[in-house]
Amino acid sequence: MSVDIPWFEDFERGQDFSAVPAVTITAGHTAIHQAMFGDRFPLPLSEPLCQQVTGEKGCLVNASLVCNLAIGQTTIPSQRVMGNLFYRGLVLKSPVYVGDTLSTRTTVVGLRQNSLKPGREASGMVALEMHVTNQRAETVLLFWRCPMIPCRDPAAQTGHADDFGFMPSEISLADLSAAVPDWKYEVYRDQVRGRHFADLRIGEQARVESRDTVTLAPELVRMTLNMAMTHTDATRSVYNRRLVYGGHTISMVASHLSRQFPAMMTILGWFHCDHVAPVFEEDIIETEVVIADKLPQANGGIVVLQVNGFALRDEERVKVLDWKLAALFA
């Protein structure tokens with residue numbers, strides 16, 4: 001007996017898709033993720049520094065890896081996804097360290113069918129709310145995402161027309177401040193070279209010179225238990241070629257940020273993150289960044305970055321990512 005994989009008509013508001021299994025993050029996860037993306041964030045790389053700054057025994061887990069594992073756990077309802085359109089209001093409410101175990105509850109909170117057009121089979125957008133907790137039942141992540149799912153009936157008319165405005169594209173300063181961990185920021189400033197919070201200026205912009213080529217896309221999908229078929233099976237893709245998982249693109253761009261801002265401590269949240277065009281393996285990814293705002297805290301502060309990612313392929317430069325995020329600096 002096969003497992004039922006939902007089509008758009010099968011979704012109802014309030015459905016709960018709790019992830020099985022939970023995932024304990026090991027040094028193996030961090031090593032594979034590091035090999036794929038080459039992040040240079042200091043705290044996940046140096047155990048002595050991490051212990052001195054955070055007071056924890058294990059290394060901090062890279063924020064991109066945390067998000068990828070959480071997103072992978074939310075793909076039980078979106079295995080038929082044609083593409084994930086966007087993420088909203090993601091806040092890393094508690095730091096994650098190697099050895100922590102993540103569990104995710106995914107809830108359907110909105111449904112909207114796309115307009116029927118000649119030559120295009122029916123599909124719809126599913127608003128999902130994700131709540132990620134650790135082994136102590138502490139909230140690690142809370143966020144929303146929106147996959148586009150095909151209908152079983154190519155001519156279906158479901159009547160679903162929810163307004164998705166409830167998914168926040170902004171995060172309040174209070175919510176961001178509450179997520180700032182109680183670390184020893186002065187130790188970090190003393191030991192990590194690079195520009196810290198006081199050294200950055202609003203309005204600064206840069207095109208990160210070092211670009212990167214997308215490889216090992218299915219491997220990240222498998223490691224993070226992502227079940228979306230379009231990422232591993234070209235015959236299930238609307239592009240007739242494997243679609244690169246959006247988190248792969250985000251992680252690659254985040255790695256570029258670690259080169260541009262070598263003293264960045266971690267990524268604290270995503271105001272919004274929109275996939276504005278598809279990415280395919282062997283695309284070259286390029287990143288542009290602007291410092292949009294600075295939000296001082298008791299120690300260091302939060303830097304708001306507007307980031308655009310581009311894919312270079314076949315002599316084209318295509319914008320693929322529109323990402324506004326909050327980064328933590330000492």
# chains A, B, ... in the order shown; residues from 1 in each chain; ligands from 1
call {"tool": "select_by_dssp", "arguments": {"residues": "range 46-246 of chain A", "states": "alpha helix (DSSP H)", "output": "PyMOL selection string"}}
result
chain A and resi 47-54+63-73+173-179+185-191+217-223+246
call {"tool": "write_last_selection", "arguments": {"atoms": "N, CA and C atoms", "output": "compact mmCIF listing (two decimals), in the first residue's frame"}}
result
# COMPACT_ATOMS: atom_id res chain seq x y z
N GLU A 47 35.43 25.40 18.14
CA GLU A 47 34.81 24.98 19.39
C GLU A 47 35.32 25.78 20.59
N PRO A 48 36.65 26.04 20.72
CA PRO A 48 37.10 26.86 21.86
C PRO A 48 36.48 28.25 21.86
N LEU A 49 36.41 28.91 20.69
CA LEU A 49 35.80 30.24 20.63
C LEU A 49 34.33 30.17 20.99
N CYS A 50 33.64 29.17 20.46
CA CYS A 50 32.21 29.04 20.73
C CYS A 50 31.96 28.83 22.22
N GLN A 51 32.77 28.01 22.87
CA GLN A 51 32.60 27.79 24.30
C GLN A 51 32.81 29.07 25.09
N GLN A 52 33.84 29.84 24.72
CA GLN A 52 34.11 31.08 25.44
C GLN A 52 33.00 32.11 25.25
N VAL A 53 32.43 32.17 24.05
CA VAL A 53 31.44 33.19 23.75
C VAL A 53 30.05 32.78 24.23
N THR A 54 29.68 31.53 24.03
CA THR A 54 28.31 31.10 24.31
C THR A 54 28.15 30.41 25.66
N ALA A 63 23.28 28.64 11.04
CA ALA A 63 21.86 28.95 10.90
C ALA A 63 21.27 28.37 9.62
N SER A 64 22.06 28.35 8.55
CA SER A 64 21.57 27.79 7.28
C SER A 64 21.25 26.30 7.41
N LEU A 65 22.09 25.57 8.15
CA LEU A 65 21.84 24.15 8.35
C LEU A 65 20.58 23.94 9.19
N VAL A 66 20.40 24.74 10.23
CA VAL A 66 19.19 24.64 11.06
C VAL A 66 17.96 24.83 10.18
N CYS A 67 17.98 25.88 9.36
CA CYS A 67 16.82 26.17 8.51
C CYS A 67 16.59 25.06 7.48
N ASN A 68 17.67 24.53 6.90
CA ASN A 68 17.51 23.47 5.91
C ASN A 68 16.91 22.21 6.51
N LEU A 69 17.34 21.85 7.71
CA LEU A 69 16.77 20.67 8.37
C LEU A 69 15.31 20.90 8.73
N ALA A 70 15.00 22.10 9.21
CA ALA A 70 13.61 22.42 9.56
C ALA A 70 12.73 22.40 8.32
N ILE A 71 13.20 23.01 7.24
CA ILE A 71 12.41 23.03 6.00
C ILE A 71 12.22 21.61 5.49
N GLY A 72 13.28 20.80 5.54
CA GLY A 72 13.16 19.41 5.11
C GLY A 72 12.06 18.68 5.87
N GLN A 73 11.94 18.97 7.16
CA GLN A 73 10.90 18.32 7.96
C GLN A 73 9.50 18.79 7.59
N LEU A 173 11.05 44.80 16.11
CA LEU A 173 12.30 44.92 16.85
C LEU A 173 12.21 44.14 18.16
N ALA A 174 11.04 44.11 18.76
CA ALA A 174 10.86 43.38 20.02
C ALA A 174 11.11 41.89 19.82
N ASP A 175 10.59 41.33 18.71
CA ASP A 175 10.79 39.90 18.45
C ASP A 175 12.25 39.59 18.14
N LEU A 176 12.89 40.48 17.39
CA LEU A 176 14.31 40.26 17.09
C LEU A 176 15.15 40.38 18.36
N SER A 177 14.87 41.39 19.17
CA SER A 177 15.64 41.59 20.40
C SER A 177 15.49 40.42 21.34
N ALA A 178 14.29 39.84 21.38
CA ALA A 178 14.05 38.69 22.26
C ALA A 178 14.84 37.48 21.81
N ALA A 179 15.23 37.44 20.52
CA ALA A 179 15.98 36.30 20.00
C ALA A 179 17.49 36.48 20.14
N TYR A 185 29.79 39.07 24.17
CA TYR A 185 30.09 39.77 22.92
C TYR A 185 31.47 40.42 22.94
N GLU A 186 31.90 40.86 24.11
CA GLU A 186 33.22 41.48 24.19
C GLU A 186 34.33 40.47 23.89
N VAL A 187 34.14 39.22 24.29
CA VAL A 187 35.11 38.17 23.97
C VAL A 187 35.19 37.98 22.47
N TYR A 188 34.03 37.97 21.82
CA TYR A 188 33.99 37.79 20.37
C TYR A 188 34.71 38.94 19.67
N ARG A 189 34.44 40.17 20.11
CA ARG A 189 35.09 41.32 19.49
C ARG A 189 36.60 41.27 19.65
N ASP A 190 37.06 40.78 20.80
CA ASP A 190 38.50 40.73 21.06
C ASP A 190 39.19 39.67 20.20
N GLN A 191 38.49 38.58 19.90
CA GLN A 191 39.16 37.44 19.27
C GLN A 191 38.91 37.30 17.77
N ALA A 217 23.29 19.32 -5.42
CA ALA A 217 21.96 19.75 -5.00
C ALA A 217 21.11 18.59 -4.46
N PRO A 218 21.05 17.43 -5.11
CA PRO A 218 20.24 16.34 -4.54
C PRO A 218 20.78 15.84 -3.21
N GLU A 219 22.10 15.95 -3.02
CA GLU A 219 22.70 15.45 -1.78
C GLU A 219 22.21 16.26 -0.57
N LEU A 220 22.10 17.57 -0.72
CA LEU A 220 21.55 18.38 0.38
C LEU A 220 20.10 18.00 0.64
N VAL A 221 19.35 17.79 -0.43
CA VAL A 221 17.94 17.39 -0.29
C VAL A 221 17.83 16.11 0.53
N ARG A 222 18.65 15.13 0.20
CA ARG A 222 18.58 13.84 0.91
C ARG A 222 19.02 13.99 2.36
N MET A 223 20.10 14.74 2.59
CA MET A 223 20.61 14.87 3.96
C MET A 223 19.60 15.55 4.87
N GLY A 246 15.36 25.48 -2.93
CA GLY A 246 15.60 26.88 -2.63
C GLY A 246 16.57 27.10 -1.48
call {"tool": "select_by_dssp", "arguments": {"residues": "range 118-287 of chain A", "states": "strand (DSSP E or B)", "output": "ChimeraX atom specification"}}
result
/A:120,123-133,139-150,161,205-207,212-213,266-275,284-287
call {"tool": "residues_around", "arguments": {"residues": "range 5-10 of chain A", "least_positions_apart": "4", "cutoff": "7 Å", "atoms": "only C-alpha atoms", "output": "list in words"}}
result
Pro77, Gln79, Ser123, Gly124, Ile149, Pro150, Cys151, Arg152 and Thr158 of chain A
call {"tool": "residues_around", "arguments": {"residues": "Asp162 in chain A", "least_positions_apart": "5", "cutoff": "6 Å", "atoms": "only C-alpha atoms", "output": "VMD selection string"}}
result
chain A and resid 110 to 112
call {"tool": "closest_residue", "arguments": {"among": "A:Ser169, A:Thr30, A:Thr215, A:Thr232", "to": "Leu325 in chain A", "atoms": "only C-alpha atoms"}}
result
A:Ser169
call {"tool": "residues_around", "arguments": {"residues": "Leu200 in chain A", "least_positions_apart": "3", "cutoff": "9 Å", "atoms": "only C-alpha atoms", "output": "list in words"}}
result
Arg195, His196, Phe197, Glu204, Ile291, Lys294 and Val303 of chain A
call {"tool": "residues_around", "arguments": {"residues": "range 36-45 of chain A", "least_positions_apart": "4", "cutoff": "7 Å", "atoms": "only C-alpha atoms", "output": "MDAnalysis selection string"}}
result
chainID A and resid 32 49:50 59:62 251:252 255 258:259 262 264:265
call {"tool": "closest_residue", "arguments": {"among": "A:Arg201, A:Arg211, A:Arg193, A:Arg313", "to": "Ala263 in chain A", "atoms": "only C-alpha atoms"}}
result
A:Arg193
call {"tool": "closest_residue", "arguments": {"among": "A:Ser210, A:Thr224, A:Thr24, A:Asn308", "to": "Ile250 in chain A", "atoms": "only C-alpha atoms"}}
result
A:Asn308
call {"tool": "closest_residue", "arguments": {"among": "A:Asp4, A:Asp16, A:Glu286, A:Asp274", "to": "Thr74 in chain A", "atoms": "only C-alpha atoms"}}
result
A:Asp16
call {"tool": "closest_residue", "arguments": {"among": "A:Thr235, A:Thr287, A:Asn84, A:Gln157", "to": "Asn114 in chain A", "atoms": "only C-alpha atoms"}}
result
A:Gln157
call {"tool": "atom_distance", "arguments": {"atom1": "CA of Glu288 in chain A", "atom2": "CA of Cys146 in chain A"}}
result
24.5 Å
